[in-house]
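Novice: Quick one, upload.pdb (PDB, C-alpha atoms):
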ATOM      1  CA  SER A   1     101.575 105.898  73.054
ATOM      2  CA  ILE A   2     104.373 106.459  70.628
ATOM      3  CA  SER A   3     106.890 103.767  69.920
ATOM      4  CA  ALA A   4     110.598 104.073  69.359
ATOM      5  CA  GLY A   5     109.929 103.069  65.760
ATOM      6  CA  SER A   6     107.644 106.093  65.228
ATOM      7  CA  ILE A   7     110.281 108.442  66.569
ATOM      8  CA  LEU A   8     112.911 106.790  64.379
ATOM      9  CA  MET A   9     110.606 107.149  61.351
ATOM     10  CA  ALA A  10     110.098 110.856  62.111
ATOM     11  CA  HIS A  11     113.848 111.388  62.286
ATOM     12  CA  ALA A  12     114.307 109.493  59.005
ATOM     13  CA  ILE A  13     111.712 111.668  57.232
ATOM     14  CA  VAL A  14     113.344 114.868  58.479
ATOM     15  CA  PHE A  15     116.745 113.526  57.397
ATOM     16  CA  LEU A  16     115.506 112.641  53.883
ATOM     17  CA  PHE A  17     113.860 116.029  53.458
ATOM     18  CA  SER A  18     117.029 117.748  54.622
ATOM     19  CA  LEU A  19     119.022 115.856  51.966
ATOM     20  CA  ALA A  20     116.670 117.142  49.285
ATOM     21  CA  CYS A  21     116.845 120.677  50.647
ATOM     22  CA  PRO A  22     119.578 121.508  53.170
ATOM     23  CA  GLU A  23     117.605 124.507  54.432
ATOM     24  CA  LEU A  24     114.797 122.325  55.845
ATOM     25  CA  CYS A  25     115.944 122.745  59.413
ATOM     26  CA  GLY A  26     112.727 124.076  60.899
ATOM     27  CA  LEU A  27     114.482 127.217  62.106
ATOM     28  CA  CYS A  28     114.072 129.431  59.054
ATOM     29  CA  ALA A  29     110.881 130.689  57.433
ATOM     30  CA  PRO A  30     110.213 129.924  53.730
ATOM     31  CA  GLU A  31     110.584 133.575  52.790
ATOM     32  CA  VAL A  32     114.094 133.639  54.348
ATOM     33  CA  CYS A  33     115.276 130.428  52.673
ATOM     34  CA  PRO A  34     117.358 130.934  49.567
ATOM     35  CA  GLY A  35     115.579 129.978  46.368
ATOM     36  CA  HIS A  36     116.620 126.445  45.503
ATOM     37  CA  GLY A  37     113.923 126.052  42.923
ATOM     38  CA  CYS A  38     112.909 122.685  44.426
ATOM     39  CA  GLY A  39     109.800 123.985  46.163
ATOM     40  CA  LEU A  40     110.316 121.328  48.854
ATOM     41  CA  VAL A  41     110.549 123.847  51.674
ATOM     42  CA  LEU A  42     107.282 125.491  50.740
ATOM     43  CA  ARG A  43     105.332 122.241  50.180
ATOM     44  CA  PHE A  44     106.481 120.159  53.154
ATOM     45  CA  ARG A  45     107.211 122.801  55.774
ATOM     46  CA  LYS A  46     103.644 123.001  57.032
ATOM     47  CA  ARG A  47     103.188 119.197  57.023
ATOM     48  CA  LEU A  48     106.520 118.686  58.749
ATOM     49  CA  LYS A  49     105.660 121.271  61.405
ATOM     50  CA  VAL A  50     102.385 119.449  62.162
ATOM     51  CA  PHE A  51     104.195 116.101  62.165
ATOM     52  CA  ARG A  52     106.865 117.430  64.559
ATOM     53  CA  GLN A  53     104.174 118.777  66.881
ATOM     54  CA  PHE A  54     102.421 115.387  66.808
ATOM     55  CA  VAL A  55     105.645 113.523  67.592
ATOM     56  CA  ARG A  56     106.528 116.005  70.352
ATOM     57  CA  HIS A  57     103.024 115.731  71.859
ATOM     58  CA  GLU A  58     102.976 111.933  71.651
ATOM     59  CA  SER A  59     106.456 111.635  73.152
ATOM     60  CA  GLU A  60     105.493 114.004  76.006
ATOM     61  CA  VAL A  61     102.389 111.897  76.698
ATOM     62  CA  ALA A  62     104.421 108.674  76.585
ATOM     63  CA  SER A  63     107.182 110.053  78.790
ATOM     64  CA  SER A  64     104.692 111.435  81.316
ATOM     65  CA  LEU A  65     103.225 107.959  81.684
ATOM     66  CA  VAL A  66     106.640 106.388  82.072
ATOM     67  CA  LEU A  67     108.022 109.057  84.392
ATOM     68  CA  GLU A  68     104.983 109.310  86.650
ATOM     69  CA  ARG A  69     106.077 109.629  90.265
ATOM     70  CA  SER A  70     104.818 107.312  92.971
ATOM     71  CA  LEU A  71     105.698 106.721  96.596
ATOM     72  CA  ASN A  72     106.258 103.574  98.640
ATOM     73  CA  ARG A  73     107.647 104.703 102.015
ATOM     74  CA  VAL A  74     107.309 103.224 105.478
ATOM     75  CA  GLN A  75     108.467 104.619 108.805
ATOM     76  CA  LEU A  76     108.423 102.386 111.872
ATOM     77  CA  LEU A  77     109.306 103.176 115.458
ATOM     78  CA  GLY A  78     109.432 100.216 117.791
ATOM     79  CA  ARG A  79     111.469  97.464 119.406
ATOM     80  CA  VAL A  80     113.464  94.646 117.859
ATOM     81  CA  GLY A  81     111.882  91.249 118.472
ATOM     82  CA  GLN A  82     114.838  89.010 117.682
ATOM     83  CA  ASP A  83     118.552  89.309 117.008
ATOM     84  CA  PRO A  84     119.232  89.655 113.286
ATOM     85  CA  VAL A  85     120.327  86.789 111.070
ATOM     86  CA  MET A  86     122.215  87.091 107.811
ATOM     87  CA  ARG A  87     121.096  84.906 104.914
ATOM     88  CA  GLN A  88     122.302  84.398 101.394
ATOM     89  CA  VAL A  89     120.088  82.628  98.876
ATOM     90  CA  GLU A  90     121.419  80.966  95.718
ATOM     91  CA  GLY A  91     124.327  83.272  95.037
ATOM     92  CA  LYS A  92     122.288  86.447  95.514
ATOM     93  CA  ASN A  93     123.415  89.315  97.709
ATOM     94  CA  PRO A  94     123.249  88.572 101.423
ATOM     95  CA  VAL A  95     120.433  90.052 103.478
ATOM     96  CA  THR A  96     120.112  90.845 107.192
ATOM     97  CA  ILE A  97     116.679  89.950 108.580
ATOM     98  CA  PHE A  98     115.081  90.732 111.939
ATOM     99  CA  SER A  99     111.625  91.285 113.372
ATOM    100  CA  MET A 100     110.318  94.485 114.867
ATOM    101  CA  ALA A 101     107.235  95.206 116.962
ATOM    102  CA  THR A 102     105.139  98.361 116.866
ATOM    103  CA  ASN A 103     102.363  99.041 119.357
ATOM    104  CA  GLU A 104      99.088 100.807 118.867
ATOM    105  CA  MET A 105      97.169 101.929 121.936
ATOM    106  CA  TRP A 106      93.666 103.319 122.178
ATOM    107  CA  ARG A 107      91.091 104.061 124.804
ATOM    108  CA  SER A 108      87.918 101.987 124.734
ATOM    109  CA  GLY A 109      84.715 103.363 126.175
ATOM    110  CA  GLU A 110      83.321 106.832 126.656
ATOM    111  CA  SER A 111      84.882 107.581 130.035
ATOM    112  CA  GLU A 112      87.232 110.584 130.268
ATOM    113  CA  ALA A 113      88.751 109.330 133.498
ATOM    114  CA  TYR A 114      91.865 107.186 133.030
ATOM    115  CA  GLN A 115      91.325 103.619 134.170
ATOM    116  CA  MET A 116      93.502 100.579 133.461
ATOM    117  CA  GLY A 117      90.636  98.680 131.863
ATOM    118  CA  ASP A 118      89.961 101.471 129.357
ATOM    119  CA  VAL A 119      93.272 101.220 127.453
ATOM    120  CA  SER A 120      93.646  98.595 124.732
ATOM    121  CA  GLN A 121      96.850  97.711 122.937
ATOM    122  CA  LYS A 122      97.646  95.897 119.709
ATOM    123  CA  THR A 123     101.148  94.750 118.763
ATOM    124  CA  THR A 124     102.022  94.386 115.084
ATOM    125  CA  TRP A 125     105.100  92.415 114.018
ATOM    126  CA  HIS A 126     107.103  93.450 110.974
ATOM    127  CA  ARG A 127     109.753  91.522 109.064
ATOM    128  CA  ILE A 128     112.664  93.846 108.268
ATOM    129  CA  SER A 129     115.138  93.012 105.484
ATOM    130  CA  VAL A 130     118.313  95.018 104.909
ATOM    131  CA  PHE A 131     120.049  94.603 101.530
ATOM    132  CA  ARG A 132     122.232  97.756 101.358
ATOM    133  CA  PRO A 133     125.827  96.561 101.928
ATOM    134  CA  GLY A 134     126.961  99.069 104.590
ATOM    135  CA  LEU A 135     123.648  99.187 106.418
ATOM    136  CA  ARG A 136     123.235  95.411 106.197
ATOM    137  CA  ASP A 137     126.509  94.849 108.091
ATOM    138  CA  VAL A 138     125.793  97.531 110.709
ATOM    139  CA  ALA A 139     122.315  96.096 111.322
ATOM    140  CA  TYR A 140     123.711  92.584 111.680
ATOM    141  CA  GLN A 141     126.356  93.724 114.149
ATOM    142  CA  TYR A 142     124.478  96.285 116.272
ATOM    143  CA  VAL A 143     120.731  95.589 116.144
ATOM    144  CA  LYS A 144     119.842  93.529 119.227
ATOM    145  CA  LYS A 145     116.652  92.088 120.651
ATOM    146  CA  GLY A 146     114.779  94.695 122.704
ATOM    147  CA  ALA A 147     116.554  97.701 121.165
ATOM    148  CA  ARG A 148     114.370 100.681 120.291
ATOM    149  CA  ILE A 149     114.964 101.692 116.667
ATOM    150  CA  PHE A 150     113.505 103.779 113.876
ATOM    151  CA  VAL A 151     113.364 102.135 110.430
ATOM    152  CA  GLU A 152     112.668 103.806 107.087
ATOM    153  CA  GLY A 153     112.109 101.812 103.935
ATOM    154  CA  LYS A 154     109.509 100.449 101.558
ATOM    155  CA  VAL A 155     106.895  97.698 101.646
ATOM    156  CA  ASP A 156     107.554  94.622  99.526
ATOM    157  CA  TYR A 157     105.070  91.817  98.905
ATOM    158  CA  GLY A 158     106.389  88.456  97.787
ATOM    159  CA  GLU A 159     105.794  84.727  97.722
ATOM    160  CA  TYR A 160     107.832  81.752  98.833
ATOM    161  CA  MET A 161     107.453  77.981  99.116
ATOM    162  CA  ASP A 162     107.399  76.602 102.640
ATOM    163  CA  LYS A 163     108.793  73.238 103.811
ATOM    164  CA  ASN A 164     105.573  71.470 102.791
ATOM    165  CA  ASN A 165     105.781  72.921  99.267
ATOM    166  CA  VAL A 166     102.866  75.277  99.949
ATOM    167  CA  ARG A 167     103.004  78.753  98.399
ATOM    168  CA  ARG A 168     102.953  81.446 101.108
ATOM    169  CA  GLN A 169     102.695  85.220 100.931
ATOM    170  CA  ALA A 170     105.181  87.405 102.775
ATOM    171  CA  THR A 171     105.195  91.116 103.539
ATOM    172  CA  THR A 172     108.613  92.606 104.174
ATOM    173  CA  ILE A 173     109.913  96.066 104.945
ATOM    174  CA  ILE A 174     113.030  96.711 102.863
ATOM    175  CA  ALA A 175     115.021  99.057 105.116
ATOM    176  CA  ASP A 176     117.181 101.794 103.666
ATOM    177  CA  ASN A 177     117.769 103.675 106.931
ATOM    178  CA  ILE A 178     117.977 102.600 110.576
ATOM    179  CA  ILE A 179     118.351 104.980 113.513
ATOM    180  CA  PHE A 180     119.320 103.526 116.871
ATOM    181  CA  LEU A 181     117.325 105.231 119.628
ATOM    182  CA  SER A 182     118.436 103.314 122.689
ATOM    183  CA  ASP A 183     121.661 101.994 124.063
ATOM    184  CA  GLN A 184     120.801  98.571 125.410
ATOM    185  CA  MET A 185     123.602  98.687 127.979
ATOM    186  CA  LYS A 186     122.174 101.894 129.530
ATOM    187  CA  GLU A 187     118.634 100.450 129.605
ATOM    188  CA  LYS A 188     119.769  97.390 131.578
ATOM    189  CA  ALA A 189     121.557  99.515 134.172
TER     190      ALA A 189
END
Would you mind writing the file's structure down as structure tokens?

Specialist:
Amino acid sequence: SISAGSILMAHAIVFLFSLACPELCGLCAPEVCPGHGCGLVLRFRKRLKVFRQFVRHESEVASSLVLERSLNRVQLLGRVGQDPVMRQVEGKNPVTIFSMATNEMWRSGESEAYQMGDVSQKTTWHRISVFRPGLRDVAYQYVKKGARIFVEGKVDYGEYMDKNNVRRQATTIIADNIIFLSDQMKEKA
């Protein structure tokens, strides 16, 4: 990859050559340049063109590595497991945290006929963290245990020390969008 120093050096060389011959701009052909008698345009033009192509190619390769796109997106549809809590750790931004359950159901066995014993279910619990200021406050105020919601965000893996000073791993969904799908008051009625 090309470093910032290499790019700076390339610019310095072009600048020095342009001081020696003001027509060394890379836009004009040697036969169009006025005769300065220095011969600099004719001698260094080809080398400079190759050098510029090298720098351009190397910078494109470096920038393509840096600007490579990736995706970390999660979409969950389920029910809230506990009322949210708001925490603030050591002067950092506050965070609203709640749990959410998603269910996966499948049929076990070969039978086509629906029977109660054929359906299996697995519940997965997710820890949801909301850092965005507006969404964080809305989630804290309106997300309630049992509510059906849709959460979009990204997966985050981290570590923390528990009460016994043991390092633990934690997987969190960092929410950047929450859609409320049920009105808890209507469900209870």

Novice: Where does the PyMOL selection byres ((chain A and resi 137) around 12) land in this file, that is, which residues does it pick, as a list of chain:residue names?

Specialist: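 Taken over the shown coordinates, the PyMOL selection byres ((chain A and resi 137) around 12) returns A:Pro84, A:Val85, A:Met86, A:Arg87, A:Pro94, A:Val95, A:Thr96, A:Ile97, A:Ser129, A:Val130, A:Phe131, A:Arg132, A:Pro133, A:Gly134, A:Leu135, A:Arg136, A:Val138, A:Ala139, A:Tyr140, A:Gln141, A:Tyr142, A:Val143, A:Ile178.
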
Novice: Since I can't run it myself right now, could you work out what the PyMOL selection byres ((chain A and resi 175) around 6) selects here and report it as a list of chain:residue names?

Specialist: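 Applying the expression gives A:Val130, A:Glu152, A:Gly153, A:Ile173, A:Ile174, A:Asp176, A:Asn177.
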
Novice: One decimal, Å: what's the distance from atom CA of Asp156 of chain A over to atom CA of Gln88 of chain A, could you say?

Specialist: 18.0 Å

Novice: Have a look at A:Val89, A:Ala170, A:Leu71, A:Val80 and name the one nearest to Ala101 of chain A; count all atoms listed in the file.

Specialist: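 Distance minimum relative to Ala101 of chain A lands on A:Val80.
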
Novice: Write out as a tab-separated table (two decimals) with C-alpha atoms, in the frame of the given file the residues lying within 9 Å of Gly78 of chain A, counting all atoms listed in the file and excluding same-chain residues fewer than 6 positions away.

Specialist:
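Once written, result-v2.tsv looks like this:
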chain	number	residue	atom	x	y	z
A	100	MET	CA	110.32	94.48	114.87
A	101	ALA	CA	107.24	95.21	116.96
A	102	THR	CA	105.14	98.36	116.87
A	103	ASN	CA	102.36	99.04	119.36
A	147	ALA	CA	116.55	97.70	121.16
A	148	ARG	CA	114.37	100.68	120.29
A	149	ILE	CA	114.96	101.69	116.67
A	150	PHE	CA	113.50	103.78	113.88
A	151	VAL	CA	113.36	102.14	110.43

Novice: In Å, with one decimal, what is the gap from atom CA of Arg127 of chain A to atom CA of Met105 of chain A?

Specialist: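 Atom-to-atom, atom CA of Arg127 of chain A and atom CA of Met105 of chain A are spaced 20.8 Å apart.
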
Novice: Taking the file as I've supplied it (selection: the PyMOL selection byres ((chain A and resi 121) around 6)), which residues are included? Please answer as a PyMOL selection string.

Specialist: chain A and resi 104-105+120+122

Novice: Hey, which of A:Gln82, A:Asn93, A:Asn165, A:Ser70 ends up closest to His126 of chain A? Count only C-alpha atoms.

Specialist: A:Gln82

Novice: Of the candidates A:Arg73, A:Lys163, A:Glu68, A:Arg79, which one gets nearest to Ile179 of chain A if we count all atoms listed in the file?

Specialist: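 Result for the nearest residue to Ile179 of chain A: A:Arg79.
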
Novice: Could you work out how far atom CA of Lys154 of chain A lies from atom CA of Thr123 of chain A, giving the answer in Å with one decimal?

Specialist: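 Separation of atom CA of Thr123 of chain A and atom CA of Lys154 of chain A: 20.0 Å.
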
Novice: Taking into account only C-alpha atoms, which residue in the set A:Asp83, A:Asp162, A:Glu90, A:Asp118 is nearest to Gly146 of chain A?

Specialist: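 Under the stated criterion, the closest residue is A:Asp83.
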
Novice: Can you work out which one of A:Val74, A:Thr172, A:Arg167, A:Met161 has the shortest atom-to-atom distance to Trp125 of chain A, counting only C-alpha atoms?

Specialist: A:Thr172
